[in-house]
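Here the structure comes first, spelled out in structure tokens, and everything after it is commentary.
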Amino acid sequence: MSFTKTLRPWLGATLMAALMAMPFAAAEQAKADDKVVVGALRFTSHSAGFIAYEKGYFKEEGLDVEFKFFQAAQPIAVATAAGDVDFGIAGVTGGFMSLADKGAVRLVAGVLHEKAGVDGMMILASNKAYDDGLTSVDQLEGHSIAMTQVGSTFHYMTARIADHQDWTIDDVKLVPLQKVGAMIAALKSGQVDAMIMVPHIAKALVESGDAKMLGWLYDYAEYQISGLFTSVKNIEENRDMVERFVRAYARGIADFNRVMLAENPDAGEQEEMIKIIHNYVYQDRPFEKAAPPILAGSMNLNEGGAMDVTDIEKQMTWFQEQGLVTKDLTMDELVDTSFVETY
Amino acid sequence: MDLEIRNLTHRYDDLDVLRDVTLTIPSGQIVCIVGPSGCGKSTLLRLLGGLEQPTQGEILEVGAPPKGSLNPLTYIFQDFALLPWRTVSGNISLVLEGHQLGKSEIQGRISDVLARTRLSDFAGVYPRQLSGGMKQRVAIARALAVDPAVLLMDEPLSALDSQTRELLMDDLVSLWERERFTACYITHNLNEAVRLGHRVVVLSRRPGEIREIVDIDTPLSERSADSAHLGRIQTQLWEMMREEALTADRQLNDA
Amino acid sequence: MHSPDRTVQTPTGVAEPIPLRPVAKDVETRRVPFRGAGFSPKALWYVPPLVFLLLLAVWEAGSRFGLISPLVLPAPSEVLTAFRNLVESGMLYNHLAASLQRLVIGFVCGTILGTVVGVLIGLYSLARSAFRPLVAAIFPIPKIALLPLFIIWFGIGEGSKVATILFGSFFPMVIATYGGIDAVDRSLIRMGQSFNMSRAAIIRKIVLPSALPAILNGMRIAASISIILLVAAEMIGAEYGIGAYVLLAGNLMATDQLIAGVIVLSMLGLIVSWLISLAERHFLRWRN
């Protein structure tokens, strides 16, 4: 009795001390790490960030990363401009260029890049158009092609095919349908003749017989589809943090390319990585259902976050020529080349 | 044309409203029907004009309606029932359209009936611009326009203030003097009944039965508001109704 | 109370002043204080334009001096320039022509169909039982959610755009019309029957005019919904159209064009609302 009586206050005091110390310890940790908010889409193409997070690459660089999920890339850019998000991945679109022109955001690294031989964007024909003779990309001239929006990556990709084929974008009828779902509906019902689509959706459409494959975009344009961006404020005031983030992100890219794009993958390692990605992508499906589209959606990422500046300039010039982006925009406003290798 | 009610009984589901009513509305006379609230007066009027079908008994039109009558049994409502989007003449025109009358014939009837009710100056006016009394005058003009055989008047003065009511009673009297129309006049106001009725029928409380029929011989034009004779008849009617009204009042409150 | 000319009517009909009772010297007197002021705000006609101009001036100045970032809001002068470009390039005409055609066809068809169905529901038990639950079930569905299906049903041409606006105006019209008919004063219908009017004449001359205010009100709502849905309708394969213009400006983050387009939409709404007010003043002039 007397033992417990004397021990109790001691136990209590120790517990209290431990409890009180915990939040302090956490606060200490947070103070040491830079808090970074990353805007992300639940797409396989955003996986490098998820991998870097789960494998602790960000932590190793002293970054406390938090993901905020969005439905589309453009709002991430807007949120970054507003300072609510620090990093995001966006296609090099007209909308992104306008934001860059307003001095709000800048690309710091490359992410998605078409590469010959690695499944990327697929060019599809509707069954109806295919039956009517549209059986190869060479015959696209004069047909209708679905896209999300004017000034989107789809818009630009079509222009690149046109370039390659010696006709211009005015020789096809581009149909803006806003949403990928609407594009699929229009193609399935034969109301547009063709479209360009991300690989996992495209492959599924071809497999189910809802569309026919015409070719891979990489045969016509090996181009920089999307990049990692941050706010100009971060670049100017927090350069060190941006450098560390890009470094960690590049490690995620390296892991992704090595495991997901390998010709003879190590099955165990690949399954482990798909499990990591599955924490973020296709969460609503069981693992067995999620794994194939994750694998199918794996596209080439820029090794080391290297950036194809030559191509980005080409894109910028094209958007300016189309009158979709102001001529005032310069490459210096769009891209900061000091963080990664450029080519 | 006379209107004859023979052994009329009316029921809503299990509720007896009127029981064995037999009554004649002779041509050229105003028959007033009075009774406590809920005695079935209004039901009786709806039955008379064919807006409802009696459970038992029958209602007969005796003799031919006047030549050219477009609507032998014509109502005048307590709430006037004028279309607010039509002018005075438009409201009268409403009941003349659909009878294959020519445009000029309709116009003729309208100006004739407006002249008879001294409303000619108000032909192009909308109802909302008129007082309650004027609205009811328009409704009376509309009823006269179809050359009715019998006017079925459902408490036509109840929605009016007492001064307007006096004025309109005078109007109705002079109108009757000129036109000698036939009417069944429902009211709960005994003063109206003794001023306008050649015959006053007193109904009992529900189920409504005829309690008394009082004939008043004094010509309508000689009945003044402060006549002692009429006052006595009014008191006599009230004596008859008092018990009924009291019981009816209780009946409603109990239910 | 202090006026000395108070009069009273004597039996002879001659008015005589009544003398005021003299107040004793040592009794305190005071005026009744006025307590009824306030609580009746009036519209001052010169204030709204002043407020509007002041707001524009502050906005422009804020943009010029860098207090308002161009990212947050473009300067009014930039919006004006965007609007001028729109007019001078002739694109405003193209966009307006395309949008107005869709609006007019969709709205007119939706309104007529909606009124017809509303009248049927208002008059016939069978139509009422059949359509009313359907309308209640379909009305709240956001038409935008059905866009992929609309593409398959009506194509990516004008069909799906007109259909979107048609659906948008149809349902409020149905509900407004049968609501208006339900509210028709039954005593007027009874009056029509008592004068032996035919059923058709009662519907045409009593029921429909009675329901007209409700129907016009429904048109006001239907027109607003049509303009709101214009942007959604022009999401699908539209080359021209104010909605398409606004969407494109949004995609390109061209906020000056975005606001210019939104102002055009808002003007469109004001004009339609004004037209309906004219119609109301014409058809419902008996009301005031």
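The chains in the structure tokens are called A, B, ... from first to last as shown; in each chain the residues are counted from 1, and the ligands are counted from 1 in the order shown.
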Residues within 9 Å of Ser27 (chain B), please, as a list in words. Count only C-alpha atoms; anything in the same chain fewer than 2 positions from it doesn't count.
Met1, Asp2, Leu3, Ile25, Gln29, Ile30, Ala149, Val150, Arg180, Phe181, Thr182 and Ala183 of chain B
Any idea which chain C residues end up within 7 Å of chain B if we count only C-alpha atoms, as a PyMOL selection string please?
chain C and resi 187-188+191+194-195+286
How about saving the chosen residues, C-alpha atoms kept, as a compact mmCIF listing (two decimals), in the first residue's frame?
```txt
# COMPACT_ATOMS: atom_id res chain seq x y z
CA SER C 187 -64.54 31.11 -58.36
CA LEU C 188 -63.63 32.50 -61.80
CA MET C 191 -68.33 31.74 -63.04
CA SER C 194 -72.25 29.15 -64.76
CA PHE C 195 -72.36 31.16 -67.98
CA TRP C 286 -54.29 45.41 -65.96
```
If you run DSSP on this backbone, which residues of region 111-207 of chain B come out as helix (DSSP H, G or I), and could you give them as a PDB file with C-alpha atoms, in the first residue's frame?
```pdb
ATOM      1  CA  SER B 111     -73.874  49.184 -74.613  1.00  0.00           C
ATOM      2  CA  ASP B 112     -77.537  48.386 -73.983  1.00  0.00           C
ATOM      3  CA  VAL B 113     -76.858  46.624 -70.704  1.00  0.00           C
ATOM      4  CA  LEU B 114     -74.349  49.277 -69.603  1.00  0.00           C
ATOM      5  CA  ALA B 115     -76.964  51.933 -70.251  1.00  0.00           C
ATOM      6  CA  ARG B 116     -79.582  49.980 -68.276  1.00  0.00           C
ATOM      7  CA  SER B 120     -71.839  53.533 -69.809  1.00  0.00           C
ATOM      8  CA  ASP B 121     -69.103  55.864 -68.595  1.00  0.00           C
ATOM      9  CA  PHE B 122     -67.101  52.976 -67.185  1.00  0.00           C
ATOM     10  CA  PRO B 127     -62.095  46.150 -62.279  1.00  0.00           C
ATOM     11  CA  ARG B 128     -59.247  47.163 -59.938  1.00  0.00           C
ATOM     12  CA  GLN B 129     -60.170  50.802 -60.587  1.00  0.00           C
ATOM     13  CA  GLY B 132     -66.808  47.006 -54.546  1.00  0.00           C
ATOM     14  CA  GLY B 133     -70.245  48.415 -55.249  1.00  0.00           C
ATOM     15  CA  MET B 134     -69.338  49.289 -58.827  1.00  0.00           C
ATOM     16  CA  LYS B 135     -67.854  45.832 -59.330  1.00  0.00           C
ATOM     17  CA  GLN B 136     -71.124  44.239 -58.270  1.00  0.00           C
ATOM     18  CA  ARG B 137     -73.022  46.562 -60.605  1.00  0.00           C
ATOM     19  CA  VAL B 138     -70.789  45.316 -63.429  1.00  0.00           C
ATOM     20  CA  ALA B 139     -71.502  41.738 -62.414  1.00  0.00           C
ATOM     21  CA  ILE B 140     -75.233  42.506 -62.497  1.00  0.00           C
ATOM     22  CA  ALA B 141     -74.864  44.088 -65.926  1.00  0.00           C
ATOM     23  CA  ARG B 142     -73.000  40.999 -67.105  1.00  0.00           C
ATOM     24  CA  ALA B 143     -75.825  38.796 -65.826  1.00  0.00           C
ATOM     25  CA  LEU B 144     -78.460  40.916 -67.564  1.00  0.00           C
ATOM     26  CA  ALA B 145     -76.513  40.808 -70.850  1.00  0.00           C
ATOM     27  CA  SER B 162     -73.327  49.034 -45.279  1.00  0.00           C
ATOM     28  CA  GLN B 163     -73.587  52.372 -47.104  1.00  0.00           C
ATOM     29  CA  THR B 164     -72.792  50.774 -50.456  1.00  0.00           C
ATOM     30  CA  ARG B 165     -75.241  48.025 -49.616  1.00  0.00           C
ATOM     31  CA  GLU B 166     -78.034  50.598 -49.143  1.00  0.00           C
ATOM     32  CA  LEU B 167     -77.204  52.208 -52.475  1.00  0.00           C
ATOM     33  CA  LEU B 168     -77.125  48.905 -54.295  1.00  0.00           C
ATOM     34  CA  MET B 169     -80.429  47.815 -52.768  1.00  0.00           C
ATOM     35  CA  ASP B 170     -81.990  50.987 -54.166  1.00  0.00           C
ATOM     36  CA  ASP B 171     -80.445  50.150 -57.520  1.00  0.00           C
ATOM     37  CA  LEU B 172     -81.809  46.621 -57.473  1.00  0.00           C
ATOM     38  CA  VAL B 173     -85.280  47.910 -56.569  1.00  0.00           C
ATOM     39  CA  SER B 174     -85.365  50.407 -59.417  1.00  0.00           C
ATOM     40  CA  LEU B 175     -83.931  47.798 -61.759  1.00  0.00           C
ATOM     41  CA  TRP B 176     -86.698  45.403 -60.784  1.00  0.00           C
ATOM     42  CA  GLU B 177     -89.283  48.136 -61.268  1.00  0.00           C
ATOM     43  CA  ARG B 178     -88.033  48.564 -64.820  1.00  0.00           C
ATOM     44  CA  GLU B 179     -87.258  44.985 -65.781  1.00  0.00           C
ATOM     45  CA  LEU B 190     -82.857  39.862 -42.822  1.00  0.00           C
ATOM     46  CA  ASN B 191     -83.003  43.565 -43.718  1.00  0.00           C
ATOM     47  CA  GLU B 192     -82.072  42.762 -47.324  1.00  0.00           C
ATOM     48  CA  ALA B 193     -84.682  40.027 -47.358  1.00  0.00           C
ATOM     49  CA  VAL B 194     -87.550  42.278 -46.247  1.00  0.00           C
ATOM     50  CA  ARG B 195     -86.444  45.097 -48.562  1.00  0.00           C
ATOM     51  CA  LEU B 196     -86.043  42.992 -51.708  1.00  0.00           C
TER      52      LEU B 196
END
```
Test item: residues at most 12 Å from region 237-240 of chain A, only C-alpha atoms, excluding those fewer than 6 positions along its chain, as an mmCIF file with N, CA and C atoms, in the first residue's frame:
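Output file selection-v4.cif is given in full below:
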```cif
data_model
loop_
_atom_site.group_PDB
_atom_site.id
_atom_site.type_symbol
_atom_site.label_atom_id
_atom_site.label_comp_id
_atom_site.auth_asym_id
_atom_site.auth_seq_id
_atom_site.Cartn_x
_atom_site.Cartn_y
_atom_site.Cartn_z
ATOM 1 N N ASP A 34 11.718 22.203 -43.594
ATOM 2 C CA ASP A 34 10.906 23.190 -44.293
ATOM 3 C C ASP A 34 9.568 22.562 -44.655
ATOM 4 N N LYS A 35 8.539 23.295 -44.363
ATOM 5 C CA LYS A 35 7.207 22.771 -44.706
ATOM 6 C C LYS A 35 6.939 23.098 -46.170
ATOM 7 N N VAL A 36 6.615 22.056 -46.944
ATOM 8 C CA VAL A 36 6.407 22.239 -48.379
ATOM 9 C C VAL A 36 5.077 21.610 -48.775
ATOM 10 N N GLU A 61 16.238 15.447 -47.285
ATOM 11 C CA GLU A 61 16.646 16.789 -47.694
ATOM 12 C C GLU A 61 16.121 17.841 -46.721
ATOM 13 N N GLY A 62 15.526 17.369 -45.633
ATOM 14 C CA GLY A 62 15.004 18.300 -44.636
ATOM 15 C C GLY A 62 13.732 18.993 -45.073
ATOM 16 N N LEU A 63 12.901 18.269 -45.842
ATOM 17 C CA LEU A 63 11.636 18.855 -46.303
ATOM 18 C C LEU A 63 10.467 18.091 -45.702
ATOM 19 N N ASP A 86 3.380 25.058 -53.012
ATOM 20 C CA ASP A 86 4.749 25.418 -53.361
ATOM 21 C C ASP A 86 5.205 24.826 -54.688
ATOM 22 N N VAL A 108 10.954 24.627 -63.205
ATOM 23 C CA VAL A 108 12.307 24.436 -62.680
ATOM 24 C C VAL A 108 12.895 23.080 -63.061
ATOM 25 N N THR A 230 7.391 25.971 -59.656
ATOM 26 C CA THR A 230 7.210 26.545 -58.335
ATOM 27 C C THR A 230 6.942 28.031 -58.519
ATOM 28 N N SER A 231 6.680 28.702 -57.409
ATOM 29 C CA SER A 231 6.399 30.122 -57.536
ATOM 30 C C SER A 231 7.696 30.901 -57.666
ATOM 31 N N VAL A 246 14.049 19.702 -55.741
ATOM 32 C CA VAL A 246 14.308 19.161 -57.079
ATOM 33 C C VAL A 246 15.211 17.924 -56.977
ATOM 34 N N ARG A 247 16.200 18.007 -56.087
ATOM 35 C CA ARG A 247 17.115 16.884 -55.905
ATOM 36 C C ARG A 247 16.357 15.635 -55.465
ATOM 37 N N ASP A 336 13.311 28.539 -65.329
ATOM 38 C CA ASP A 336 14.541 28.843 -64.609
ATOM 39 C C ASP A 336 15.477 27.660 -64.829
ATOM 40 N N SER A 338 18.477 27.110 -63.780
ATOM 41 C CA SER A 338 19.617 26.977 -62.877
ATOM 42 C C SER A 338 19.521 25.780 -61.943
ATOM 43 N N PHE A 339 18.443 25.020 -62.015
ATOM 44 C CA PHE A 339 18.287 23.931 -61.037
ATOM 45 C C PHE A 339 18.647 22.570 -61.605
#
```
For the interface of chain C with chain A (cut-off 9 Å, counting only C-alpha atoms), please tabulate each contacting residue of chain C alongside its nearest pair of atoms and their separation in Å to one decimal, rows sorted by chain and increasing number, as CSV.
```
residue,atom,partner,partner_atom,distance
C:Ser69,CA,A:Lys102,CA,8.6
C:Pro70,CA,A:Lys102,CA,6.8
C:Leu71,CA,A:Lys102,CA,6.2
C:Val72,CA,A:Ala82,CA,8.5
C:Leu147,CA,A:Ala182,CA,7.3
C:Pro148,CA,A:Ala182,CA,4.9
C:Leu149,CA,A:Ala185,CA,7.6
C:Ile151,CA,A:Ala186,CA,6.4
C:Ile152,CA,A:Ser189,CA,6.1
C:Gly155,CA,A:Gln191,CA,6.6
C:Ile156,CA,A:Gln191,CA,6.8
C:Glu234,CA,A:Leu177,CA,8.9
C:Met235,CA,A:Leu177,CA,5.9
C:Ile236,CA,A:Leu177,CA,4.6
C:Gly237,CA,A:Pro176,CA,4.6
C:Ala238,CA,A:Pro176,CA,6.7
C:Glu239,CA,A:Val175,CA,7.8
C:Leu247,CA,A:Gln149,CA,8.6
C:Leu248,CA,A:Val150,CA,6.5
C:Ala249,CA,A:Gly95,CA,8.6
C:Gly250,CA,A:Gly95,CA,7.8
C:Asn251,CA,A:Gly95,CA,5.4
C:Leu252,CA,A:Gly95,CA,3.6
C:Met253,CA,A:Gly95,CA,5.0
C:Ala254,CA,A:Ser98,CA,6.8
```
Measure the distance from CA of Tyr223 (chain A) to CA of Met241 (chain A) in Å and round it to one decimal.
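These two atoms are separated by 28.2 Å.
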Do a neighbour search on region 202-216 of chain B at 7 Å with only C-alpha atoms, toss out local chain neighbours closer than 6 positions, and write the hits as a short mmCIF file (atom, residue, chain, number, x, y, z; two decimals) with all heavy atoms, in the first residue's frame.
```cif
data_model
loop_
_atom_site.label_atom_id
_atom_site.label_comp_id
_atom_site.auth_asym_id
_atom_site.auth_seq_id
_atom_site.Cartn_x
_atom_site.Cartn_y
_atom_site.Cartn_z
N ASP B 16 -76.65 15.03 -44.15
CA ASP B 16 -77.83 15.61 -44.80
C ASP B 16 -77.70 17.12 -44.80
O ASP B 16 -77.49 17.74 -43.76
CB ASP B 16 -79.11 15.22 -44.03
CG ASP B 16 -79.53 13.81 -44.40
OD1 ASP B 16 -78.76 13.14 -45.13
OD2 ASP B 16 -80.62 13.38 -43.97
N VAL B 17 -77.82 17.71 -45.98
CA VAL B 17 -77.68 19.15 -46.07
C VAL B 17 -79.05 19.79 -46.25
O VAL B 17 -79.39 20.78 -45.59
CB VAL B 17 -76.77 19.53 -47.25
CG1 VAL B 17 -76.53 21.02 -47.28
CG2 VAL B 17 -75.45 18.78 -47.14
N LEU B 18 -79.86 19.23 -47.13
CA LEU B 18 -81.21 19.76 -47.38
C LEU B 18 -82.18 18.58 -47.28
O LEU B 18 -81.85 17.47 -47.69
CB LEU B 18 -81.29 20.37 -48.77
CG LEU B 18 -80.47 21.66 -48.99
CD1 LEU B 18 -80.35 21.97 -50.47
CD2 LEU B 18 -81.11 22.83 -48.24
N ARG B 19 -83.37 18.86 -46.70
CA ARG B 19 -84.31 17.75 -46.58
C ARG B 19 -85.68 18.17 -47.10
O ARG B 19 -86.27 19.14 -46.60
CB ARG B 19 -84.41 17.30 -45.13
CG ARG B 19 -85.27 16.05 -44.95
CD ARG B 19 -85.35 15.64 -43.50
NE ARG B 19 -84.06 15.15 -43.01
CZ ARG B 19 -83.77 15.04 -41.72
NH1 ARG B 19 -84.66 15.40 -40.80
NH2 ARG B 19 -82.59 14.60 -41.34
N ASP B 20 -86.12 17.47 -48.12
CA ASP B 20 -87.49 17.58 -48.62
C ASP B 20 -87.93 19.03 -48.82
O ASP B 20 -88.91 19.50 -48.23
CB ASP B 20 -88.44 16.87 -47.65
CG ASP B 20 -89.77 16.56 -48.34
OD1 ASP B 20 -89.76 16.40 -49.58
OD2 ASP B 20 -90.79 16.53 -47.64
N VAL B 21 -87.20 19.73 -49.66
CA VAL B 21 -87.54 21.12 -49.93
C VAL B 21 -88.44 21.18 -51.16
O VAL B 21 -88.11 20.62 -52.20
CB VAL B 21 -86.27 21.95 -50.17
CG1 VAL B 21 -86.62 23.38 -50.59
CG2 VAL B 21 -85.40 21.95 -48.93
N ILE B 33 -84.12 33.70 -49.76
CA ILE B 33 -83.99 32.54 -48.87
C ILE B 33 -83.03 32.93 -47.74
O ILE B 33 -81.90 33.34 -47.99
CB ILE B 33 -83.46 31.32 -49.64
CG1 ILE B 33 -84.47 30.96 -50.74
CG2 ILE B 33 -83.20 30.15 -48.71
CD1 ILE B 33 -84.08 29.78 -51.59
N VAL B 34 -83.55 32.86 -46.50
CA VAL B 34 -82.72 33.18 -45.35
C VAL B 34 -82.61 31.95 -44.46
O VAL B 34 -83.41 31.03 -44.55
CB VAL B 34 -83.30 34.36 -44.53
CG1 VAL B 34 -83.31 35.63 -45.36
CG2 VAL B 34 -84.68 34.02 -44.01
N GLY B 35 -81.60 31.96 -43.61
CA GLY B 35 -81.42 30.83 -42.71
C GLY B 35 -80.09 30.99 -42.01
O GLY B 35 -79.24 31.76 -42.45
N PRO B 36 -79.91 30.28 -40.90
CA PRO B 36 -78.65 30.39 -40.16
C PRO B 36 -77.48 29.85 -41.00
O PRO B 36 -77.70 29.09 -41.94
CB PRO B 36 -78.88 29.51 -38.93
CG PRO B 36 -79.97 28.59 -39.30
CD PRO B 36 -80.83 29.31 -40.30
N GLY B 38 -74.67 27.71 -42.55
CA GLY B 38 -74.53 26.26 -42.66
C GLY B 38 -75.85 25.54 -42.87
O GLY B 38 -75.90 24.33 -42.73
N CYS B 39 -76.92 26.29 -43.20
CA CYS B 39 -78.20 25.61 -43.35
C CYS B 39 -78.39 25.05 -44.75
O CYS B 39 -79.40 24.44 -45.04
CB CYS B 39 -79.36 26.56 -43.01
SG CYS B 39 -79.58 27.83 -44.27
N GLY B 40 -77.47 25.30 -45.64
CA GLY B 40 -77.58 24.75 -46.99
C GLY B 40 -78.14 25.72 -48.01
O GLY B 40 -78.54 25.31 -49.09
N GLU B 244 -82.96 28.72 -34.04
CA GLU B 244 -82.21 27.94 -35.04
C GLU B 244 -80.76 28.42 -35.11
O GLU B 244 -79.83 27.62 -35.13
CB GLU B 244 -82.86 28.10 -36.42
CG GLU B 244 -84.30 27.63 -36.49
CD GLU B 244 -84.40 26.11 -36.62
OE1 GLU B 244 -83.34 25.47 -36.79
OE2 GLU B 244 -85.52 25.57 -36.53
N ALA B 248 -77.59 26.36 -34.31
CA ALA B 248 -76.62 26.16 -35.39
C ALA B 248 -75.23 26.61 -34.96
O ALA B 248 -74.23 25.93 -35.21
CB ALA B 248 -77.06 26.94 -36.63
#
```
Give me, please, the distance in Å between CA of Tyr218 (chain A) and CA of Val118 (chain A), quoted to one decimal.
8.3 Å
Which residues, written as a PyMOL selection string, have at least one atom at most 12 Å from Phe87 (chain A), with only C-alpha atoms counted and residues fewer than 5 positions away on the same chain left out?
chain A and resi 35-40+46+49+65-69+73+76-82+105-109+227-235+241-242+245-246+249
Same residues, C-alpha atoms, saved as an mmCIF file, in the first residue's frame:
```cif
data_model
loop_
_atom_site.group_PDB
_atom_site.id
_atom_site.type_symbol
_atom_site.label_atom_id
_atom_site.label_comp_id
_atom_site.auth_asym_id
_atom_site.auth_seq_id
_atom_site.Cartn_x
_atom_site.Cartn_y
_atom_site.Cartn_z
ATOM 1 C CA LYS A 35 7.207 22.771 -44.706
ATOM 2 C CA VAL A 36 6.407 22.239 -48.379
ATOM 3 C CA VAL A 37 2.987 21.834 -49.950
ATOM 4 C CA VAL A 38 2.845 19.922 -53.230
ATOM 5 C CA GLY A 39 -0.182 20.126 -55.494
ATOM 6 C CA ALA A 40 -0.772 16.779 -57.149
ATOM 7 C CA HIS A 46 2.852 12.284 -60.707
ATOM 8 C CA GLY A 49 6.755 12.733 -56.021
ATOM 9 C CA VAL A 65 6.148 17.536 -47.654
ATOM 10 C CA GLU A 66 2.363 17.569 -47.643
ATOM 11 C CA PHE A 67 0.317 16.651 -50.739
ATOM 12 C CA LYS A 68 -2.813 18.565 -51.694
ATOM 13 C CA PHE A 69 -4.860 16.845 -54.346
ATOM 14 C CA ALA A 73 -3.433 20.865 -63.377
ATOM 15 C CA ILE A 76 -2.532 23.861 -59.037
ATOM 16 C CA ALA A 77 -0.699 26.537 -61.004
ATOM 17 C CA VAL A 78 -3.199 29.149 -59.823
ATOM 18 C CA ALA A 79 -2.852 27.949 -56.226
ATOM 19 C CA THR A 80 0.919 28.113 -56.545
ATOM 20 C CA ALA A 81 0.686 31.645 -57.870
ATOM 21 C CA ALA A 82 -1.499 32.486 -54.878
ATOM 22 C CA VAL A 105 5.179 30.694 -61.624
ATOM 23 C CA ARG A 106 8.181 29.244 -63.379
ATOM 24 C CA LEU A 107 9.279 25.786 -64.545
ATOM 25 C CA VAL A 108 12.307 24.436 -62.680
ATOM 26 C CA ALA A 109 12.566 20.826 -63.910
ATOM 27 C CA GLY A 227 7.359 20.040 -65.968
ATOM 28 C CA LEU A 228 7.806 20.769 -62.288
ATOM 29 C CA PHE A 229 7.079 24.352 -61.377
ATOM 30 C CA THR A 230 7.210 26.545 -58.335
ATOM 31 C CA SER A 231 6.399 30.122 -57.536
ATOM 32 C CA VAL A 232 8.784 32.899 -58.506
ATOM 33 C CA LYS A 233 8.735 33.905 -54.861
ATOM 34 C CA ASN A 234 10.140 30.512 -53.826
ATOM 35 C CA ILE A 235 12.878 30.754 -56.449
ATOM 36 C CA MET A 241 14.642 24.774 -50.497
ATOM 37 C CA VAL A 242 13.810 24.554 -54.221
ATOM 38 C CA PHE A 245 13.167 19.619 -53.473
ATOM 39 C CA VAL A 246 14.308 19.161 -57.079
ATOM 40 C CA TYR A 249 12.229 14.679 -56.767
#
```
Quick one: residues within 10 Å of Leu80 (chain C), only C-alpha atoms, excluding same-chain residues fewer than 6 positions away - as a list in words?
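Using only C-alpha atoms, the neighbours found are Leu86, Asp256, Gln257, Ile259 and Ala260 of chain C.
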Spatial neighbours of Ala248 (chain A), 9 Å, only C-alpha atoms, chain gap at least 3 places, as a list in words
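Here the qualifying residues turn out to be Gly49, Ala52, Tyr53, Gly56, Tyr57, Phe58, Lys59, Glu60, Glu61, Glu243, Arg244, Phe245, Arg251, Gly252 and Ile253 of chain A.
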Save out the residues we just selected, N, CA and C atoms, as a CSV table (one decimal), in the first residue's frame.
```csv
chain,number,residue,atom,x,y,z
A,49,GLY,N,6.9,12.0,-57.3
A,49,GLY,CA,6.8,12.7,-56.0
A,49,GLY,C,6.3,11.8,-54.9
A,52,ALA,N,9.2,9.6,-53.9
A,52,ALA,CA,10.2,10.4,-53.1
A,52,ALA,C,9.7,10.6,-51.7
A,53,TYR,N,8.4,10.8,-51.6
A,53,TYR,CA,7.9,11.0,-50.2
A,53,TYR,C,7.9,9.7,-49.4
A,56,GLY,N,11.2,8.6,-48.3
A,56,GLY,CA,11.9,9.4,-47.4
A,56,GLY,C,12.9,10.4,-48.0
A,57,TYR,N,12.9,10.5,-49.3
A,57,TYR,CA,13.9,11.3,-50.0
A,57,TYR,C,13.7,12.8,-49.6
A,58,PHE,N,12.5,13.2,-49.4
A,58,PHE,CA,12.2,14.6,-49.0
A,58,PHE,C,12.7,14.8,-47.6
A,59,LYS,N,12.4,13.9,-46.7
A,59,LYS,CA,12.9,14.0,-45.3
A,59,LYS,C,14.4,14.1,-45.3
A,60,GLU,N,15.0,13.3,-46.1
A,60,GLU,CA,16.5,13.4,-46.1
A,60,GLU,C,17.0,14.7,-46.5
A,61,GLU,N,16.2,15.4,-47.3
A,61,GLU,CA,16.6,16.8,-47.7
A,61,GLU,C,16.1,17.8,-46.7
A,243,GLU,N,16.1,23.9,-54.5
A,243,GLU,CA,17.2,23.0,-54.9
A,243,GLU,C,17.1,21.6,-54.3
A,244,ARG,N,16.8,21.6,-53.0
A,244,ARG,CA,16.7,20.4,-52.2
A,244,ARG,C,15.5,19.6,-52.7
A,245,PHE,N,14.4,20.3,-53.0
A,245,PHE,CA,13.2,19.6,-53.5
A,245,PHE,C,13.4,19.0,-54.8
A,251,ARG,N,15.4,12.0,-57.5
A,251,ARG,CA,15.7,10.6,-57.0
A,251,ARG,C,14.4,9.8,-57.2
A,252,GLY,N,13.3,10.4,-57.0
A,252,GLY,CA,12.0,9.7,-57.2
A,252,GLY,C,11.8,9.3,-58.7
A,253,ILE,N,12.2,10.2,-59.6
A,253,ILE,CA,12.1,10.0,-61.0
A,253,ILE,C,13.0,8.8,-61.4
```
Pick out each residue of region 60-112 of chain B that DSSP on the backbone tags as strand (DSSP E or B); I need them as a count of residues only.
7
